[in-house]
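Peer 1: Take this structure first; my questions come after.
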Amino acid sequence: MKLLPKHLRRRAFTTAELLMAAGISGVIGSAVMVAYVGLQRLHTACLTRSEMRTNVIRVFDFLEADLRDATALAGTTSGGYSTFPLTLTVPQRYSTYETAGPFAGDPSRTGTRLEPTVNTTSGKLGFGGNVTITYKTVANGTAAVNVQRSITWTASGTQQTATRTISTLPKDATFLFRSGGSTSGSPSPITSTDYTIFAQISAPFTSAKYGNLSPTKMETPILLRGKTLK
Amino acid sequence: MVSTLLMVITGVVITTTMNRRKVVTESSVWEEALVAAESGIHRGSAQLEMALAQNSIPANGATGAGQSFTFTLPHVGSDSGTATVTYTITRSDATSGGMGRPYYSIISTGTVVIPASKTLSSDSRDVALRKLNMVTKGGTAVNTMTATRTIEAWAKPIYSYDAALRTNKLITLNNFKIFVDSFNSNDPSRSLTGGLPSNTVGFFNIAPFNLMLANIATNSQFISAGDATIYGDAMTNGGTVGGSSNILGQIRDDYYEIFAPVYPPDWAGSVTPGIPSGKNGNQTVTQIKAAATLRGGTPASPARYIVDSVSLAGTNDVLTFDYGINGNNGTNDLTKNSIELYVRGDITTKGGGQTSLDSGSIVIVKGVKVKVWVLGSMDFGGNGMTNNNAIASTFSVYGVNAPTAPTGQTYKLSGNARFYGTVYAPSADIKLAGGGSDGTFVGSLTGNSAFLNGNTNIRYDEALSGQGMLSRFVLTAWHEDTKTSGSFPGSL
């Protein structure tokens, strides 16, 4: 019998080898899957945290712009703070505002801008009228709240109101405003004589993987320019 | 099967991660655009202040068109190299208090390119909220996405007599009977016949006249208001106001104003010191100690005098500011009603005058306007000064403090006569003591410090606003324009 050349001879894995290889592959595969799922959860947690921060910033975007212009403001007192509903009085700088849709409450795309006038006696700059802007929260299901911004203005003698959801946050989110003191001691609610206030938004953060983590909390001082400029 | 599942999961992860990255980037750029827009406002404000210092405030390039400026700010990150700031300064002249005044709008837009991204995030709220721009920029098709934010600010001119009382240092109102109110001698609805203040305190500051313009302000950190009644704002430089129960305007802590120095009049080197004296007027004295009359010139060519001091004590020792003489017939020439006097030392009056209220040691004849520069101190006692115009704008005192600031310069106004005039003396400690029968100061005061005692009143004449020197601009409106297209015209 003539044997094939050595390099052409076929050899198979033994059963033991196959079982060992399968076992090792299984261990590695399982490890990879566990790691992958862990990464997924971490990724989801990071995305959720990032998105919540963005949602908090969205509220600040609106609040800061409105508060800078406000000539008067009033909140609901809660302990040493003021909180939503927060009502602002702001000079009317546009003839009318968007009444509905994704831009509701923004200056109307077809309206006109209103410039100030000079008081002929005092020299002060003034505006024809004011708009009222209110911030409040409404439930969105059982786990979240929508932050709503409503604006009421008068156009052509008719009072109109537009409301829009500007952000969504966990239901236990807090919106606090203080005129002085600190978050750790003796805060005081905002008053009609404040020129600078501190706005703080805190949103609790719960991860399916990691449970309750430290909340997203941001605080910023806001100069009420509308009250300081005359 | 498993591979497919892993690929799908991986694809979702990559997509959501990239979208989140865009959201975070857009959020960051959105904030940077606001910083850029505000920097344009700050630069425009500085430009106005600098123009003021150079005595050349901006005009418009053409009717209704402002002057535009552009600059860039470093903005490092991916393919976004700069933040672009474009601002326009537009002048509008408006009349108030009978005076034309320059108001300026500054409209500034900050534009920042969103780095390393050819598409916006998939969150429509960001597109609506953040005015992110992918398609057009100023109506022109562009391939670069940007965040743009626009701010409109208004600057109001402030003049050296735009407040009742201003000081560098402490203001002390030492009695609850003191009041500071305002009226307008040019406005019949805000003054009595002849442009006089009402006899009733605060008459022109209660509804419907409640303008609250009788402001007091200090560059220091404290006003001791002593429960005096202030029909206006009380302002400190980051400080507080004590005894503030009767301040009827606002209490503010954001005041600071540099007071321009006062140099000797620019004509001081061309006028020979001394005034005519003696029966025939053929003598010259540089110290006024007895009766003397200074006569006026025309507004275009005022009569100018220099003396070393004024010291009046006796009943007949009266310094009179009168009209110039008509050379043809020796009568008063009513066109010669302007007098300027530079006192290189002190002014002091004691006793003097013939009656308590209408004849002080210094008398200004009705119709004559007087400006006095004082290098030393001033003390109006006795019957003080009688300004028969009864209008504050007709008598101006400038306390010289340049090129070298004097030490111990004090201005004491305590005479019996009602004082109508303005005092601008940035280095002088001012004392108003109402020990006399009137104790009323009608006009405007600027000093180093102020101490008011007894039954003393300041009645600010709003007609002074807009007169004197244009000293600064203050921003009086600051608004972020959130309209999606176009911009404010920036004109009144």
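Naming scheme: A, B, ... for chains in displayed order of the structure tokens; residues 1 onward per chain; ligands 1 onward as shown.
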Please identify which residues in segment 145-231 of chain B DSSP calls strand (DSSP E or B) from the backbone, and express them as an MDAnalysis selection string.
Peer 2: chainID B and resid 146:159 165:167 171:173 179:183 192 196 216:218 222:224 229:230
Peer 1: Should the cut-off be 8 Å, what would the residue list for chain A against chain B look like, counting only C-alpha atoms, as number ranges by chain?
Peer 2: A: 40, 43, 47, 50-51, 54, 65, 68-69, 102-103, 106-109, 113-123, 125, 166, 193, 225-226, 228-230
Peer 1: In Å to one decimal, how far is atom CA of Lys366 of chain B from atom CA of Asn205 of chain B?
Peer 2: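 Pair atom CA of Asn205 of chain B / atom CA of Lys366 of chain B returns 28.1 Å.
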Peer 1: Residues near Thr172 of chain B, anyone? I mean within 12 Å using only C-alpha atoms, not counting same-chain ones fewer than 5 positions away, as number ranges by chain.
Peer 2: B: 165-167, 178, 216-218, 220, 222-228, 234, 241-244, 429-433, 449-454
Peer 1: Could you turn the residues from that selection into a file that holds N, CA and C atoms, as a PDB file, in the first residue's frame?
Peer 2:
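Written out: part_4.pdb:
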```
ATOM      1  N   LEU B 165     -28.377 114.776  42.912  1.00  0.00           N
ATOM      2  CA  LEU B 165     -27.174 114.772  43.742  1.00  0.00           C
ATOM      3  C   LEU B 165     -26.318 113.564  43.387  1.00  0.00           C
ATOM      4  N   ARG B 166     -25.049 113.828  43.055  1.00  0.00           N
ATOM      5  CA  ARG B 166     -24.115 112.749  42.723  1.00  0.00           C
ATOM      6  C   ARG B 166     -22.801 113.012  43.447  1.00  0.00           C
ATOM      7  N   THR B 167     -22.207 111.960  43.971  1.00  0.00           N
ATOM      8  CA  THR B 167     -20.929 112.123  44.657  1.00  0.00           C
ATOM      9  C   THR B 167     -20.022 110.933  44.393  1.00  0.00           C
ATOM     10  N   ILE B 178     -35.432 116.167  55.670  1.00  0.00           N
ATOM     11  CA  ILE B 178     -34.833 116.476  54.373  1.00  0.00           C
ATOM     12  C   ILE B 178     -35.663 115.818  53.273  1.00  0.00           C
ATOM     13  N   ILE B 216     -30.520 110.331  43.654  1.00  0.00           N
ATOM     14  CA  ILE B 216     -29.256 110.591  44.331  1.00  0.00           C
ATOM     15  C   ILE B 216     -28.373 109.368  44.119  1.00  0.00           C
ATOM     16  N   ALA B 217     -27.078 109.594  43.908  1.00  0.00           N
ATOM     17  CA  ALA B 217     -26.206 108.473  43.540  1.00  0.00           C
ATOM     18  C   ALA B 217     -24.801 108.715  44.050  1.00  0.00           C
ATOM     19  N   THR B 218     -24.145 107.632  44.441  1.00  0.00           N
ATOM     20  CA  THR B 218     -22.764 107.728  44.894  1.00  0.00           C
ATOM     21  C   THR B 218     -21.918 106.610  44.301  1.00  0.00           C
ATOM     22  N   SER B 220     -19.577 105.445  45.957  1.00  0.00           N
ATOM     23  CA  SER B 220     -19.147 104.680  47.119  1.00  0.00           C
ATOM     24  C   SER B 220     -20.193 103.600  47.425  1.00  0.00           C
ATOM     25  N   PHE B 222     -22.121 103.347  50.205  1.00  0.00           N
ATOM     26  CA  PHE B 222     -23.145 103.573  51.230  1.00  0.00           C
ATOM     27  C   PHE B 222     -23.783 104.950  51.087  1.00  0.00           C
ATOM     28  N   ILE B 223     -25.069 104.984  51.264  1.00  0.00           N
ATOM     29  CA  ILE B 223     -25.815 106.227  51.412  1.00  0.00           C
ATOM     30  C   ILE B 223     -26.521 106.159  52.764  1.00  0.00           C
ATOM     31  N   SER B 224     -26.255 107.163  53.580  1.00  0.00           N
ATOM     32  CA  SER B 224     -26.977 107.251  54.841  1.00  0.00           C
ATOM     33  C   SER B 224     -28.161 108.177  54.604  1.00  0.00           C
ATOM     34  N   ALA B 225     -29.305 107.584  54.333  1.00  0.00           N
ATOM     35  CA  ALA B 225     -30.446 108.377  53.878  1.00  0.00           C
ATOM     36  C   ALA B 225     -31.222 109.016  55.025  1.00  0.00           C
ATOM     37  N   GLY B 226     -31.014 108.557  56.235  1.00  0.00           N
ATOM     38  CA  GLY B 226     -31.635 109.205  57.396  1.00  0.00           C
ATOM     39  C   GLY B 226     -33.140 109.327  57.319  1.00  0.00           C
ATOM     40  N   ASP B 227     -33.771 108.408  56.609  1.00  0.00           N
ATOM     41  CA  ASP B 227     -35.229 108.417  56.427  1.00  0.00           C
ATOM     42  C   ASP B 227     -35.724 109.686  55.736  1.00  0.00           C
ATOM     43  N   ALA B 228     -34.824 110.355  55.040  1.00  0.00           N
ATOM     44  CA  ALA B 228     -35.245 111.505  54.236  1.00  0.00           C
ATOM     45  C   ALA B 228     -36.145 111.026  53.103  1.00  0.00           C
ATOM     46  N   ALA B 234     -32.216 105.853  44.752  1.00  0.00           N
ATOM     47  CA  ALA B 234     -30.986 105.988  45.535  1.00  0.00           C
ATOM     48  C   ALA B 234     -30.038 104.899  45.050  1.00  0.00           C
ATOM     49  N   VAL B 241     -28.122 101.165  51.258  1.00  0.00           N
ATOM     50  CA  VAL B 241     -28.700 102.445  51.657  1.00  0.00           C
ATOM     51  C   VAL B 241     -29.298 102.282  53.049  1.00  0.00           C
ATOM     52  N   GLY B 242     -28.812 103.083  53.977  1.00  0.00           N
ATOM     53  CA  GLY B 242     -29.365 103.038  55.324  1.00  0.00           C
ATOM     54  C   GLY B 242     -30.459 104.081  55.494  1.00  0.00           C
ATOM     55  N   GLY B 243     -31.412 103.839  56.366  1.00  0.00           N
ATOM     56  CA  GLY B 243     -32.503 104.784  56.591  1.00  0.00           C
ATOM     57  C   GLY B 243     -33.300 105.023  55.336  1.00  0.00           C
ATOM     58  N   SER B 244     -33.700 103.935  54.678  1.00  0.00           N
ATOM     59  CA  SER B 244     -34.269 104.043  53.331  1.00  0.00           C
ATOM     60  C   SER B 244     -35.792 104.008  53.309  1.00  0.00           C
ATOM     61  N   ASP B 429     -16.124 118.596  49.043  1.00  0.00           N
ATOM     62  CA  ASP B 429     -17.078 118.053  50.011  1.00  0.00           C
ATOM     63  C   ASP B 429     -18.180 119.084  50.204  1.00  0.00           C
ATOM     64  N   ILE B 430     -19.370 118.689  49.874  1.00  0.00           N
ATOM     65  CA  ILE B 430     -20.484 119.637  49.871  1.00  0.00           C
ATOM     66  C   ILE B 430     -21.286 119.499  51.155  1.00  0.00           C
ATOM     67  N   LYS B 431     -21.580 120.640  51.758  1.00  0.00           N
ATOM     68  CA  LYS B 431     -22.422 120.624  52.954  1.00  0.00           C
ATOM     69  C   LYS B 431     -23.588 121.582  52.762  1.00  0.00           C
ATOM     70  N   LEU B 432     -24.776 121.079  52.894  1.00  0.00           N
ATOM     71  CA  LEU B 432     -25.974 121.904  52.843  1.00  0.00           C
ATOM     72  C   LEU B 432     -26.588 121.881  54.234  1.00  0.00           C
ATOM     73  N   ALA B 433     -26.576 123.024  54.865  1.00  0.00           N
ATOM     74  CA  ALA B 433     -27.116 123.091  56.219  1.00  0.00           C
ATOM     75  C   ALA B 433     -28.262 124.083  56.232  1.00  0.00           C
ATOM     76  N   SER B 449     -18.275 114.454  48.233  1.00  0.00           N
ATOM     77  CA  SER B 449     -19.188 113.871  49.215  1.00  0.00           C
ATOM     78  C   SER B 449     -20.277 114.899  49.476  1.00  0.00           C
ATOM     79  N   ALA B 450     -21.311 114.466  50.165  1.00  0.00           N
ATOM     80  CA  ALA B 450     -22.399 115.406  50.466  1.00  0.00           C
ATOM     81  C   ALA B 450     -22.927 115.137  51.859  1.00  0.00           C
ATOM     82  N   PHE B 451     -23.121 116.215  52.594  1.00  0.00           N
ATOM     83  CA  PHE B 451     -23.692 116.127  53.942  1.00  0.00           C
ATOM     84  C   PHE B 451     -24.820 117.137  54.031  1.00  0.00           C
ATOM     85  N   LEU B 452     -26.025 116.655  54.248  1.00  0.00           N
ATOM     86  CA  LEU B 452     -27.181 117.534  54.369  1.00  0.00           C
ATOM     87  C   LEU B 452     -27.696 117.450  55.796  1.00  0.00           C
ATOM     88  N   ASN B 453     -27.928 118.603  56.355  1.00  0.00           N
ATOM     89  CA  ASN B 453     -28.332 118.625  57.748  1.00  0.00           C
ATOM     90  C   ASN B 453     -29.521 119.565  57.925  1.00  0.00           C
ATOM     91  N   GLY B 454     -30.236 119.369  59.015  1.00  0.00           N
ATOM     92  CA  GLY B 454     -31.316 120.280  59.358  1.00  0.00           C
ATOM     93  C   GLY B 454     -32.466 120.221  58.373  1.00  0.00           C
TER      94      GLY B 454
END
```
Peer 1: Choose the residue, out of A:Val56, A:Thr152, A:Val37, A:Asn212, that has the smallest atom-to-atom separation from Thr99 of chain A; count only C-alpha atoms.
Peer 2: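 Among the listed residues, A:Thr152 lies closest to Thr99 of chain A.
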Peer 1: So, counting only C-alpha atoms, which residue among A:Ala143, A:Val90, A:Thr112, A:Phe177 is closest to Asn130 of chain A?
Peer 2: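 Closest residue, counting only C-alpha atoms: A:Val90.
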Peer 1: Tell me which protein, DNA and RNA residues are within 10 Å of Phe62 of chain A, counting only C-alpha atoms, leaving out same-chain ones fewer than 3 positions away, and put them as a PyMOL selection string.
Peer 2: (chain A and resi 57-59+65-67+135+149+166) or (chain B and resi 129)
Peer 1: Store the residues picked out above in a file with C-alpha atoms, as an mmCIF file, in the first residue's frame.
Peer 2:
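Final file, part_12.cif:
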```
data_model
loop_
_atom_site.group_PDB
_atom_site.id
_atom_site.type_symbol
_atom_site.label_atom_id
_atom_site.label_comp_id
_atom_site.auth_asym_id
_atom_site.auth_seq_id
_atom_site.Cartn_x
_atom_site.Cartn_y
_atom_site.Cartn_z
ATOM 1 C CA ILE A 57 -30.410 73.454 29.338
ATOM 2 C CA ARG A 58 -33.436 73.862 27.059
ATOM 3 C CA VAL A 59 -35.418 75.210 29.994
ATOM 4 C CA ALA A 65 -33.867 85.038 27.759
ATOM 5 C CA ASP A 66 -37.207 85.903 29.350
ATOM 6 C CA LEU A 67 -35.819 86.744 32.779
ATOM 7 C CA TYR A 135 -43.727 78.885 33.279
ATOM 8 C CA ARG A 149 -44.124 78.283 28.546
ATOM 9 C CA ILE A 166 -40.217 73.416 25.831
ATOM 10 C CA LEU B 129 -35.168 76.540 19.638
#
```
Peer 1: Closest to Thr410 of chain B among B:Thr111, B:Asn237, B:Asn387, B:Asn448, using only C-alpha atoms?
Peer 2: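 Closest to Thr410 of chain B of all the choices is B:Asn448.
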Peer 1: Which is closer to Ala405 of chain B than all the others in B:Gln283, B:Val262, B:Ile325, B:Asn60, using only C-alpha atoms?
Peer 2: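 Looking only at the distances to Ala405 of chain B, the closest residue turns out to be B:Val262.
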Peer 1: Leaving out Gln200 of chain A and any residue of its chain fewer than 2 positions from it, which residues lie within 8 Å of it when counting only C-alpha atoms, given as a PDB file with C-alpha atoms, in the first residue's frame?
Peer 2:
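Below is the file that was written, around-v9.pdb:
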```
ATOM      1  CA  THR A 174     -37.507  70.805  40.879  1.00  0.00           C
ATOM      2  CA  PHE A 175     -37.376  74.409  39.702  1.00  0.00           C
ATOM      3  CA  LEU A 176     -36.166  76.775  42.394  1.00  0.00           C
ATOM      4  CA  PHE A 177     -35.489  80.497  42.377  1.00  0.00           C
ATOM      5  CA  PHE A 198     -30.468  82.474  41.110  1.00  0.00           C
ATOM      6  CA  SER A 202     -32.562  69.687  39.598  1.00  0.00           C
ATOM      7  CA  LYS A 217     -28.448  69.914  39.131  1.00  0.00           C
ATOM      8  CA  MET A 218     -27.618  73.244  37.551  1.00  0.00           C
ATOM      9  CA  GLU A 219     -27.800  76.714  39.054  1.00  0.00           C
ATOM     10  CA  THR A 220     -27.051  80.009  37.410  1.00  0.00           C
TER      11      THR A 220
END
```
Peer 1: Among the residues of chain A, find those DSSP assigns to alpha helix (DSSP H) from the backbone and print them as a ChimeraX atom specification.
Peer 2: /A:15-69,225-228
Peer 1: Hey, what's within 8 Å of Leu294 of chain B if we count only C-alpha atoms and toss same-chain stuff fewer than 3 positions away? As a list in words, please?
Peer 2: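 Everything that qualifies: Ile275, Leu319, Thr320, Phe321, Asp322 and Ile339 of chain B.
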Peer 1: Restricted to C-alpha atoms, what would the selected residues look like written as a short mmCIF file (atom, residue, chain, number, x, y, z; two decimals), in the first residue's frame?
Peer 2:
```
data_model
loop_
_atom_site.label_atom_id
_atom_site.label_comp_id
_atom_site.auth_asym_id
_atom_site.auth_seq_id
_atom_site.Cartn_x
_atom_site.Cartn_y
_atom_site.Cartn_z
CA ILE B 275 -11.95 143.99 38.27
CA LEU B 319 -21.36 141.56 44.53
CA THR B 320 -23.82 142.18 41.70
CA PHE B 321 -23.86 140.48 38.34
CA ASP B 322 -25.56 142.88 35.96
CA ILE B 339 -20.70 136.72 32.67
#
```
